[in-house]
Every structure is written in C-alpha cells, then in structure tokens.
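A short worksheet on the structure shown next.
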Amino acid sequence: MPAKQEVSNFIRSTFRSVWALELLCFLQKHRDRAWPQRELVITLRGSDLVVSQSVDALLAAGLVVIDPGQLVRYQPTSDAVEALASAAESLYATRPDAVRRMIVTPRSSLSSFADAFKLRED
C-alpha cells in the first residue's frame with residue numbers, strides 16, 4: 001500500500017481535472033472491456049474535449065492503453081502504478097472533497113519558490 005504522501009503526489013501530478021479521476025474510476029470498474037471514446041462521452045455525460053483530455057492524461061500516466069480502433073482500456077504499466085491508482089480511487093470514495101481540493105488547488109507559491117532551491121544530484 002502506497003504512503004499517503006505518495007498517493008497525494010500521484011493525484012496532484014496525474015489528474016488535471018476531476019473528470020480524469022472519474023474516468024479512471026469508471027475504467028477500473030469496467031476493466032474487462034475496451035471503450036470507444038464516444039461511448040465514454042455518453043456514459044460519463046461529458047464533452048468530447050473533456051473525455052479526450054482525460055484519456056490523454058491517463059495514457060501519459062501509464063493507466064490506460066488505446067487499442068486498435070481507438071478503444072480505451074484500463075491497463076496500468078506496472079503493479080506500482082496499479083497500487084497508486086487503486087489508492088487514489090479508495091481515497092476518492094471515502095474523502096471526495098479532499099481529493100477534489102488536491103486536484104483543483106494549485107501548489108502554493110511558497111512551495112514552488114522553495115522547490116527552486118532544492119539541490120539535485122547530477
């Protein structure tokens with residue numbers, strides 16, 4: 001089970017909108033099937049743009065694949081990614097408002113400023 005901070009970082013870095021998290025939850029529940037994007041738009045009652053952007057975000061995070069015929073299917077790239085996705089879904093199910101705040105609240109400017117002075121190993 002991933003640590004709380006790891007899950008929080010995963011949520012903040014992976015989901016640019018709550019729609020993307022909703023799409024992840026939906027695809028996890030229906031992992032036995034691949035979905036045409038148009039059907040996801042209808043099922044989730046979203047727009048083409050929102051679903052397309054959400055699919056792109058999940059693809060970049062290694063959570064979905066796009067099969068031939070442009071079918072979207074839940075398929076994490078590793079067990080670690082699967083564990084983070086499951087932890088994010090569980091947290092969203094139990095504390096939806098907290099997860100929404102993680103997604104929509106930008107990092108504080110003080111944190112961003114402090115991060116600029118972190119030393120990196122080359």
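Naming works like this for the structure tokens: A, B, ... for the chains as they're shown, residue 1 at the start of each chain, ligands 1 onward in shown order.
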Residues flagged strand (DSSP E or B) by DSSP in stretch 2-122 of chain A, as a short mmCIF file (atom, residue, chain, number, x, y, z; two decimals) with C-alpha atoms, in the first residue's frame:
data_model
loop_
_atom_site.label_atom_id
_atom_site.label_comp_id
_atom_site.auth_asym_id
_atom_site.auth_seq_id
_atom_site.Cartn_x
_atom_site.Cartn_y
_atom_site.Cartn_z
CA TRP A 35 -14.44 1.55 -24.70
CA PRO A 36 -14.83 3.82 -27.72
CA VAL A 64 -4.73 3.17 -19.92
CA VAL A 65 -3.91 1.92 -23.38
CA ILE A 66 -5.60 2.72 -26.66
CA ASP A 67 -6.32 -0.44 -28.61
CA LEU A 71 -10.72 1.78 -27.88
CA VAL A 72 -9.67 2.89 -24.40
CA ARG A 73 -8.89 0.19 -21.87
CA TYR A 74 -7.64 0.31 -18.28
#
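The neighbours of A:Glu6 here are the residues that come within 12 Å of it, using only C-alpha atoms and leaving out any residue fewer than 3 positions away in the same chain; they are Met1, Pro2, Ala3, Asn9, Phe10, Ile11, Arg12, Ser13, Thr14, Ala80, Val81, Ala83, Leu84, Ala85, Ala87 and Ala88 of chain A.
In this comparison, which uses only C-alpha atoms, the residue of A:Thr43, A:Gln28, A:Gln53, A:Ser17 approaching A:Arg101 most closely is A:Ser17.
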Inset, instruction - Would you list the contacts of A:Leu24 as a PyMOL selection string, taking every protein, DNA or RNA residue within 9 Å and counting only C-alpha atoms, but skipping same-chain residues closer than 2 positions in sequence? - result: chain A and resi 19-22+26-29+54-55+58+63-64+74+85+89
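Ranking A:Val41, A:Leu91, A:Ile103, A:Leu49 by their shortest atom-to-atom distance to A:Val7, with only C-alpha atoms included, puts A:Leu91 first.
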Legend entry - DSSP helix (DSSP H, G or I) selection over stretch 12-109 of chain A, as a PyMOL selection string: chain A and resi 12-14+18-29+37-44+48-60+79-94+96-104+109
Inset, instruction - Do a neighbour search on A:Asp48 at 9 Å with only C-alpha atoms, toss out local chain neighbours closer than 6 positions, and write the hits as a PyMOL selection string. - result: chain A and resi 37-38+40-41
Inset, instruction - Work out how far apart atom CA of A:Ala60 and atom CA of A:Asp97 are and give it in Å to one decimal. - result: 24.8 Å
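Closest approach to A:Arg33 from the set A:Gln75, A:Thr105, A:Thr94, A:Ser52 is made by A:Gln75, with distances taken over only C-alpha atoms.
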